[in-house]
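Structure file structure-v6.cif with mmCIF, N, CA and C atoms and all ligand atoms:
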data_final
loop_
_atom_site.label_atom_id
_atom_site.label_comp_id
_atom_site.auth_asym_id
_atom_site.auth_seq_id
_atom_site.Cartn_x
_atom_site.Cartn_y
_atom_site.Cartn_z
N MET P 221 -14.29 15.60 -26.32
CA MET P 221 -13.06 14.86 -26.10
C MET P 221 -13.39 13.44 -25.62
N GLU P 222 -12.62 12.49 -26.08
CA GLU P 222 -12.90 11.08 -25.80
C GLU P 222 -12.61 10.71 -24.34
N GLU P 223 -13.44 9.83 -23.78
CA GLU P 223 -13.20 9.35 -22.42
C GLU P 223 -12.25 8.16 -22.47
N ARG P 224 -11.42 8.03 -21.43
CA ARG P 224 -10.50 6.90 -21.31
C ARG P 224 -10.56 6.40 -19.88
N VAL P 225 -10.20 5.12 -19.69
CA VAL P 225 -10.08 4.57 -18.34
C VAL P 225 -8.63 4.21 -18.11
N LEU P 226 -8.03 4.82 -17.08
CA LEU P 226 -6.63 4.58 -16.74
C LEU P 226 -6.55 3.67 -15.52
N SER P 227 -5.56 2.80 -15.51
CA SER P 227 -5.27 1.99 -14.32
C SER P 227 -4.03 2.56 -13.67
N MET P 228 -4.09 2.72 -12.37
CA MET P 228 -2.92 3.21 -11.65
C MET P 228 -2.97 2.70 -10.22
N ILE P 229 -1.82 2.71 -9.58
CA ILE P 229 -1.73 2.29 -8.18
C ILE P 229 -1.50 3.54 -7.34
N CYS P 230 -2.35 3.75 -6.36
CA CYS P 230 -2.17 4.89 -5.47
C CYS P 230 -0.94 4.64 -4.60
N VAL P 231 0.00 5.57 -4.61
CA VAL P 231 1.22 5.41 -3.81
C VAL P 231 1.23 6.38 -2.63
N SER P 232 0.04 6.84 -2.25
CA SER P 232 -0.04 7.79 -1.13
C SER P 232 0.15 7.13 0.22
N CYS P 233 0.01 5.79 0.27
CA CYS P 233 0.30 5.07 1.51
C CYS P 233 0.69 3.64 1.13
N PRO P 234 1.18 2.86 2.09
CA PRO P 234 1.68 1.52 1.73
C PRO P 234 0.61 0.53 1.25
N VAL P 235 -0.66 0.83 1.43
CA VAL P 235 -1.72 -0.11 0.99
C VAL P 235 -1.64 -0.30 -0.53
N GLY P 236 -1.45 0.76 -1.27
CA GLY P 236 -1.28 0.66 -2.72
C GLY P 236 -2.54 0.20 -3.44
N CYS P 237 -3.64 0.92 -3.26
CA CYS P 237 -4.91 0.54 -3.91
C CYS P 237 -4.79 0.61 -5.44
N ASP P 238 -5.41 -0.37 -6.10
CA ASP P 238 -5.51 -0.36 -7.57
C ASP P 238 -6.67 0.55 -7.95
N LEU P 239 -6.37 1.59 -8.69
CA LEU P 239 -7.41 2.54 -9.07
C LEU P 239 -7.77 2.39 -10.54
N ARG P 240 -9.05 2.54 -10.82
CA ARG P 240 -9.54 2.68 -12.21
C ARG P 240 -10.08 4.09 -12.31
N VAL P 241 -9.50 4.86 -13.20
CA VAL P 241 -9.79 6.29 -13.25
C VAL P 241 -10.35 6.63 -14.63
N ARG P 242 -11.58 7.08 -14.64
CA ARG P 242 -12.21 7.49 -15.91
C ARG P 242 -11.90 8.97 -16.13
N VAL P 243 -11.31 9.28 -17.26
CA VAL P 243 -10.89 10.66 -17.52
C VAL P 243 -11.38 11.13 -18.88
N GLN P 244 -11.48 12.42 -18.98
CA GLN P 244 -11.74 13.07 -20.27
C GLN P 244 -10.72 14.19 -20.38
N GLY P 245 -9.77 14.04 -21.27
CA GLY P 245 -8.64 14.97 -21.30
C GLY P 245 -7.89 14.85 -19.99
N LYS P 246 -7.73 15.98 -19.30
CA LYS P 246 -7.06 15.96 -17.99
C LYS P 246 -8.06 16.08 -16.85
N LYS P 247 -9.35 15.85 -17.17
CA LYS P 247 -10.39 15.95 -16.14
C LYS P 247 -10.75 14.56 -15.64
N VAL P 248 -10.71 14.35 -14.34
CA VAL P 248 -11.11 13.07 -13.74
C VAL P 248 -12.62 13.06 -13.57
N LEU P 249 -13.27 12.06 -14.20
CA LEU P 249 -14.72 11.97 -14.12
C LEU P 249 -15.16 11.06 -12.97
N ASP P 250 -14.34 10.01 -12.72
CA ASP P 250 -14.77 9.00 -11.75
C ASP P 250 -13.56 8.18 -11.32
N VAL P 251 -13.51 7.82 -10.04
CA VAL P 251 -12.43 6.97 -9.53
C VAL P 251 -13.05 5.77 -8.82
N GLU P 252 -12.54 4.58 -9.11
CA GLU P 252 -12.97 3.36 -8.41
C GLU P 252 -11.74 2.68 -7.82
N GLY P 253 -11.94 1.94 -6.74
CA GLY P 253 -10.87 1.12 -6.17
C GLY P 253 -10.14 1.79 -5.02
N HIS P 254 -10.46 3.02 -4.71
CA HIS P 254 -9.77 3.70 -3.62
C HIS P 254 -10.42 3.34 -2.28
N SER P 255 -9.57 3.24 -1.25
CA SER P 255 -10.09 2.92 0.08
C SER P 255 -10.27 4.14 0.96
N CYS P 256 -9.80 5.29 0.46
CA CYS P 256 -9.98 6.52 1.23
C CYS P 256 -9.94 7.70 0.26
N PRO P 257 -10.33 8.90 0.70
CA PRO P 257 -10.39 10.06 -0.21
C PRO P 257 -9.04 10.43 -0.81
N ARG P 258 -7.94 10.05 -0.17
CA ARG P 258 -6.62 10.40 -0.72
C ARG P 258 -6.41 9.75 -2.08
N GLY P 259 -7.10 8.66 -2.33
CA GLY P 259 -6.99 8.01 -3.64
C GLY P 259 -7.51 8.90 -4.75
N ILE P 260 -8.57 9.63 -4.47
CA ILE P 260 -9.13 10.56 -5.47
C ILE P 260 -8.14 11.70 -5.70
N ASP P 261 -7.59 12.23 -4.61
CA ASP P 261 -6.59 13.31 -4.74
C ASP P 261 -5.39 12.82 -5.56
N PHE P 262 -4.96 11.58 -5.28
CA PHE P 262 -3.81 11.04 -6.02
C PHE P 262 -4.14 10.94 -7.50
N ALA P 263 -5.31 10.40 -7.81
CA ALA P 263 -5.70 10.22 -9.22
C ALA P 263 -5.76 11.56 -9.93
N GLU P 264 -6.33 12.56 -9.28
CA GLU P 264 -6.44 13.88 -9.92
C GLU P 264 -5.06 14.49 -10.15
N ALA P 265 -4.16 14.36 -9.19
CA ALA P 265 -2.80 14.89 -9.36
C ALA P 265 -2.05 14.11 -10.44
N GLU P 266 -2.27 12.80 -10.45
CA GLU P 266 -1.57 11.95 -11.42
C GLU P 266 -2.01 12.27 -12.85
N VAL P 267 -3.26 12.60 -13.01
CA VAL P 267 -3.76 12.93 -14.35
C VAL P 267 -3.32 14.35 -14.75
N ALA P 268 -3.38 15.29 -13.81
CA ALA P 268 -3.08 16.68 -14.13
C ALA P 268 -1.57 16.93 -14.26
N ASN P 269 -0.80 16.40 -13.31
CA ASN P 269 0.64 16.70 -13.28
C ASN P 269 1.36 15.63 -12.46
N PRO P 270 1.64 14.48 -13.06
CA PRO P 270 2.25 13.40 -12.28
C PRO P 270 3.65 13.76 -11.78
N THR P 271 3.91 13.48 -10.52
CA THR P 271 5.22 13.76 -9.92
C THR P 271 5.69 12.54 -9.14
N ARG P 272 6.98 12.47 -8.92
CA ARG P 272 7.57 11.39 -8.14
C ARG P 272 8.76 11.92 -7.36
N VAL P 273 9.01 11.34 -6.19
CA VAL P 273 10.29 11.58 -5.52
C VAL P 273 11.33 10.71 -6.22
N PHE P 274 12.44 11.34 -6.60
CA PHE P 274 13.51 10.64 -7.31
C PHE P 274 14.51 10.14 -6.29
N ALA P 275 14.91 8.87 -6.39
CA ALA P 275 15.90 8.32 -5.47
C ALA P 275 16.88 7.45 -6.24
N THR P 276 18.16 7.56 -5.88
CA THR P 276 19.19 6.75 -6.53
C THR P 276 20.43 6.79 -5.64
N THR P 277 21.58 6.45 -6.20
CA THR P 277 22.85 6.61 -5.50
C THR P 277 23.77 7.45 -6.39
N VAL P 278 24.73 8.14 -5.76
CA VAL P 278 25.77 8.84 -6.51
C VAL P 278 27.13 8.24 -6.13
N ARG P 279 28.05 8.33 -7.07
CA ARG P 279 29.41 7.86 -6.80
C ARG P 279 30.11 8.82 -5.83
N VAL P 280 30.93 8.25 -4.96
CA VAL P 280 31.66 9.03 -3.96
C VAL P 280 33.14 8.73 -4.12
N SER P 281 33.96 9.79 -4.10
CA SER P 281 35.41 9.58 -4.15
C SER P 281 35.98 9.70 -2.74
N GLY P 282 36.89 8.79 -2.41
CA GLY P 282 37.57 8.84 -1.12
C GLY P 282 36.71 8.49 0.06
N GLY P 283 35.61 7.78 -0.17
CA GLY P 283 34.71 7.44 0.93
C GLY P 283 34.90 6.01 1.41
N LYS P 284 34.32 5.71 2.59
CA LYS P 284 34.36 4.34 3.10
C LYS P 284 33.53 3.41 2.23
N LEU P 285 32.55 3.97 1.53
CA LEU P 285 31.76 3.23 0.56
C LEU P 285 31.86 3.94 -0.78
N PRO P 286 31.68 3.23 -1.89
CA PRO P 286 31.85 3.86 -3.21
C PRO P 286 30.65 4.69 -3.66
N VAL P 287 29.49 4.51 -3.03
CA VAL P 287 28.29 5.26 -3.44
C VAL P 287 27.52 5.73 -2.21
N CYS P 288 26.70 6.75 -2.40
CA CYS P 288 25.87 7.29 -1.32
C CYS P 288 24.43 7.44 -1.84
N PRO P 289 23.44 7.02 -1.06
CA PRO P 289 22.05 7.20 -1.50
C PRO P 289 21.64 8.67 -1.45
N VAL P 290 20.87 9.08 -2.44
CA VAL P 290 20.37 10.45 -2.53
C VAL P 290 18.90 10.41 -2.96
N ARG P 291 18.22 11.54 -2.79
CA ARG P 291 16.84 11.66 -3.26
C ARG P 291 16.54 13.11 -3.53
N SER P 292 15.47 13.34 -4.27
CA SER P 292 15.03 14.72 -4.47
C SER P 292 14.33 15.19 -3.20
N ARG P 293 14.56 16.46 -2.85
CA ARG P 293 13.97 16.97 -1.60
C ARG P 293 12.45 17.00 -1.69
N GLN P 294 11.94 17.29 -2.88
CA GLN P 294 10.50 17.23 -3.13
C GLN P 294 10.26 16.37 -4.37
N ALA P 295 9.01 16.09 -4.63
CA ALA P 295 8.66 15.36 -5.84
C ALA P 295 8.97 16.23 -7.06
N VAL P 296 9.36 15.58 -8.14
CA VAL P 296 9.68 16.27 -9.40
C VAL P 296 8.73 15.77 -10.48
N PRO P 297 8.55 16.54 -11.55
CA PRO P 297 7.66 16.08 -12.62
C PRO P 297 8.13 14.72 -13.17
N LYS P 298 7.20 13.81 -13.29
CA LYS P 298 7.54 12.45 -13.75
C LYS P 298 8.23 12.48 -15.10
N GLU P 299 7.83 13.40 -15.95
CA GLU P 299 8.41 13.47 -17.31
C GLU P 299 9.88 13.89 -17.30
N ARG P 300 10.37 14.41 -16.16
CA ARG P 300 11.77 14.84 -16.07
C ARG P 300 12.67 13.78 -15.44
N LEU P 301 12.12 12.65 -15.02
CA LEU P 301 12.92 11.65 -14.28
C LEU P 301 14.11 11.14 -15.09
N PHE P 302 13.95 10.94 -16.37
CA PHE P 302 15.04 10.42 -17.19
C PHE P 302 16.18 11.44 -17.27
N ASP P 303 15.84 12.70 -17.52
CA ASP P 303 16.86 13.76 -17.58
C ASP P 303 17.59 13.87 -16.24
N ILE P 304 16.82 13.82 -15.16
CA ILE P 304 17.41 13.93 -13.83
C ILE P 304 18.35 12.76 -13.56
N SER P 305 17.93 11.58 -13.96
CA SER P 305 18.76 10.39 -13.78
C SER P 305 20.09 10.53 -14.50
N LYS P 306 20.05 11.04 -15.72
CA LYS P 306 21.29 11.23 -16.49
C LYS P 306 22.20 12.25 -15.83
N GLU P 307 21.61 13.33 -15.35
CA GLU P 307 22.39 14.40 -14.70
C GLU P 307 23.06 13.88 -13.42
N VAL P 308 22.32 13.16 -12.63
CA VAL P 308 22.86 12.67 -11.35
C VAL P 308 23.91 11.57 -11.59
N ALA P 309 23.74 10.80 -12.65
CA ALA P 309 24.69 9.72 -12.95
C ALA P 309 26.08 10.27 -13.28
N ARG P 310 26.15 11.52 -13.68
CA ARG P 310 27.46 12.12 -14.02
C ARG P 310 28.25 12.55 -12.78
N LEU P 311 27.59 12.62 -11.63
CA LEU P 311 28.23 13.19 -10.45
C LEU P 311 29.21 12.24 -9.78
N VAL P 312 30.28 12.83 -9.24
CA VAL P 312 31.16 12.13 -8.30
C VAL P 312 31.37 13.10 -7.14
N VAL P 313 30.94 12.69 -5.96
CA VAL P 313 30.94 13.58 -4.80
C VAL P 313 32.11 13.23 -3.89
N PRO P 314 32.89 14.23 -3.45
CA PRO P 314 33.99 13.91 -2.53
C PRO P 314 33.47 13.62 -1.11
N ALA P 315 34.05 12.60 -0.47
CA ALA P 315 33.73 12.31 0.93
C ALA P 315 34.45 13.32 1.81
N PRO P 316 33.95 13.61 3.02
CA PRO P 316 32.76 13.02 3.63
C PRO P 316 31.49 13.67 3.11
N VAL P 317 30.39 12.92 3.25
CA VAL P 317 29.07 13.42 2.87
C VAL P 317 28.20 13.41 4.13
N ASP P 318 27.46 14.50 4.34
CA ASP P 318 26.56 14.58 5.50
C ASP P 318 25.12 14.37 5.05
N ILE P 319 24.35 13.70 5.89
CA ILE P 319 22.93 13.51 5.57
C ILE P 319 22.27 14.88 5.40
N GLY P 320 21.49 15.03 4.36
CA GLY P 320 20.81 16.30 4.07
C GLY P 320 21.65 17.25 3.23
N GLN P 321 22.91 16.91 3.01
CA GLN P 321 23.78 17.76 2.19
C GLN P 321 23.23 17.88 0.77
N VAL P 322 23.24 19.11 0.25
CA VAL P 322 22.79 19.30 -1.13
C VAL P 322 23.88 18.78 -2.07
N ILE P 323 23.54 17.77 -2.82
CA ILE P 323 24.48 17.15 -3.76
C ILE P 323 24.40 17.86 -5.11
N LEU P 324 23.18 18.26 -5.49
CA LEU P 324 22.98 18.96 -6.76
C LEU P 324 21.78 19.90 -6.61
N PRO P 325 22.03 21.22 -6.58
CA PRO P 325 20.91 22.15 -6.43
C PRO P 325 20.14 22.29 -7.75
N ASP P 326 18.85 22.56 -7.62
CA ASP P 326 18.01 22.89 -8.79
C ASP P 326 18.24 21.91 -9.95
N VAL P 327 18.07 20.64 -9.66
CA VAL P 327 18.39 19.64 -10.68
C VAL P 327 17.55 19.85 -11.95
N CYS P 328 18.21 19.96 -13.06
CA CYS P 328 17.58 20.13 -14.38
C CYS P 328 16.60 21.32 -14.40
N GLY P 329 16.87 22.33 -13.60
CA GLY P 329 16.02 23.52 -13.60
C GLY P 329 14.64 23.30 -13.00
N THR P 330 14.49 22.25 -12.21
CA THR P 330 13.18 21.96 -11.61
C THR P 330 12.93 22.78 -10.35
N GLY P 331 14.01 23.40 -9.81
CA GLY P 331 13.87 24.09 -8.53
C GLY P 331 13.99 23.17 -7.35
N VAL P 332 14.26 21.90 -7.59
CA VAL P 332 14.34 20.89 -6.52
C VAL P 332 15.80 20.44 -6.38
N ASP P 333 16.24 20.35 -5.11
CA ASP P 333 17.62 19.92 -4.84
C ASP P 333 17.68 18.40 -4.67
N ILE P 334 18.81 17.83 -5.09
CA ILE P 334 19.12 16.44 -4.77
C ILE P 334 19.95 16.44 -3.50
N VAL P 335 19.54 15.66 -2.49
CA VAL P 335 20.21 15.68 -1.19
C VAL P 335 20.61 14.26 -0.79
N ALA P 336 21.67 14.19 0.04
CA ALA P 336 22.13 12.90 0.56
C ALA P 336 21.16 12.41 1.62
N THR P 337 20.97 11.09 1.67
CA THR P 337 20.06 10.54 2.67
C THR P 337 20.79 9.73 3.74
N ARG P 338 22.14 9.83 3.77
CA ARG P 338 22.90 9.23 4.87
C ARG P 338 24.24 9.93 4.97
N ASP P 339 24.87 9.77 6.10
CA ASP P 339 26.26 10.24 6.27
C ASP P 339 27.18 9.22 5.63
N LEU P 340 28.25 9.69 5.05
CA LEU P 340 29.26 8.78 4.52
C LEU P 340 30.64 9.37 4.83
N LYS P 341 31.38 8.64 5.66
CA LYS P 341 32.69 9.14 6.12
C LYS P 341 33.75 8.95 5.04
N ALA P 342 34.80 9.76 5.17
CA ALA P 342 35.96 9.57 4.29
C ALA P 342 36.72 8.33 4.77
N LYS P 343 37.52 7.76 3.91
CA LYS P 343 38.25 6.52 4.21
C LYS P 343 39.08 6.62 5.50
N GLU P 344 39.72 7.78 5.67
CA GLU P 344 40.66 7.89 6.80
C GLU P 344 39.97 8.24 8.11
N GLU P 345 38.63 8.59 8.06
CA GLU P 345 37.93 8.92 9.30
C GLU P 345 37.62 7.65 10.09
N SER P 346 37.62 7.75 11.42
CA SER P 346 37.26 6.59 12.23
C SER P 346 35.75 6.46 12.28
N ALA P 347 35.26 5.26 12.64
CA ALA P 347 33.83 4.96 12.61
C ALA P 347 33.04 5.66 13.66
S1 LIG T 401 -6.55 5.18 -1.66
FE1 LIG T 401 -6.10 5.61 0.49
S2 LIG T 401 -5.78 3.57 1.39
FE2 LIG T 401 -5.61 3.31 -0.83
S3 LIG T 401 -3.38 3.54 -1.25
FE3 LIG T 401 -4.32 5.57 -1.53
S4 LIG T 401 -4.04 6.59 0.46
FE4 LIG T 401 -3.76 4.38 0.78
#
How would this structure read if it were set down as structure tokens?
Ligand code: SF4
Amino acid sequence: MEERVLSMICVSCPVGCDLRVRVQGKKVLDVEGHSCPRGIDFAEAEVANPTRVFATTVRVSGGKLPVCPVRSRQAVPKERLFDISKEVARLVVPAPVDIGQVILPDVCGTGVDIVATRDLKAKEESA
């Protein structure tokens, strides 16, 4: 199987090291550019099964604000992000919304819930 060199940014911490990753198929042969061992772990996970935490906003009806920020409770397969985005874009959630509230369970059959990341009061509630 042919070797390839991939460029990626490690997102395991805010430093964001630029990695050069030599791979053969899904096997990591060599990693350069990492400042700590977590960079190697990131590269191996990214090559084998890339995942991301999904974050966006959902529309809210009857709330003090028209949208509420949400995120996936765990990382989801990167290849499913587009499907998840479409599914979440269809939602309209009634206010009030509580932080941590499950907005959409098992999004797209991933086993991961979409949850609210802030409280959002209904229009008639006091601050
Ligand atoms: S390799 Fe280490 S220092 Fe660099 S971004 Fe990843 S976790 Fe941070």
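From CA of Val267 (chain P) back to atom C of Thr330 (chain P), the distance works out to 19.8 Å.
Taking only N, CA and C atoms and all ligand atoms into account, every polymer residue with at least one atom at most 5 Å away from ligand LIG 401 (chain T) is listed here: Cys230, Ser232, Cys233, Val235, Gly236, Cys237, His254, Ser255, Cys256, Arg258 and Gly259 of chain P.
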| request: Mind checking which residues fall within 8 Å of region 275-285 of chain P, counting only N, CA and C atoms, ignoring those fewer than 6 positions away in the same chain, and posting them as a list in words? | output: Arg291, Ser292, Val308, Ala309, Arg310, Leu311, Val312, Val313, Pro314, Ala315, Pro316, Val317, Leu340, Lys341, Ala342, Lys343, Glu344 and Glu345 of chain P
| message | Applying 7 Å and only N, CA and C atoms, which residues near region 321-329 of chain P remain after dropping the ones on its own chain fewer than 5 positions away? List them as a PyMOL selection string. | response | chain P and resi 303-304+334-337
| said: I'd like the interatomic distance between atom N of Glu264 (chain P) and atom N of Val241 (chain P), to a tenth of an Å. | reply: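 We find that atom N of Glu264 (chain P) and atom N of Val241 (chain P) lie 9.2 Å from each other.
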| field | In chain P, DSSP strand (DSSP E) residues written as a ChimeraX atom specification | value | /P:223-229,238-244,247-252,271-272,275-281,287-292,296-297,312-314,322-324,334-336
| field | For CA of Val287 (chain P) and atom N of Ile319 (chain P), the interatomic separation in Å (one decimal) | value | 13.2 Å
| request: Per DSSP on the backbone, filter chain P down to the residues in alpha helix (DSSP H) and report them as a PyMOL selection string. | output: chain P and resi 258-268+301-309
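Taking all atoms listed in the file, the non-local environment of Val248 (chain P) within 8 Å (same-chain residues fewer than 2 positions away omitted) comprises Val241, Arg242, Val243, Gln244, Gly245, Lys246, Asp250, Val251, Ala263, Glu264, Val267 and Ala268 of chain P.
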| field | Contact residues around Ala295 (chain P) with only N, CA and C atoms at 6.5 Å, ignoring same-chain residues under 3 positions, as a list in words | value |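 Listing them by chain and then by number gives Thr271, Arg272, Val273, Phe274 and Ser292 of chain P.
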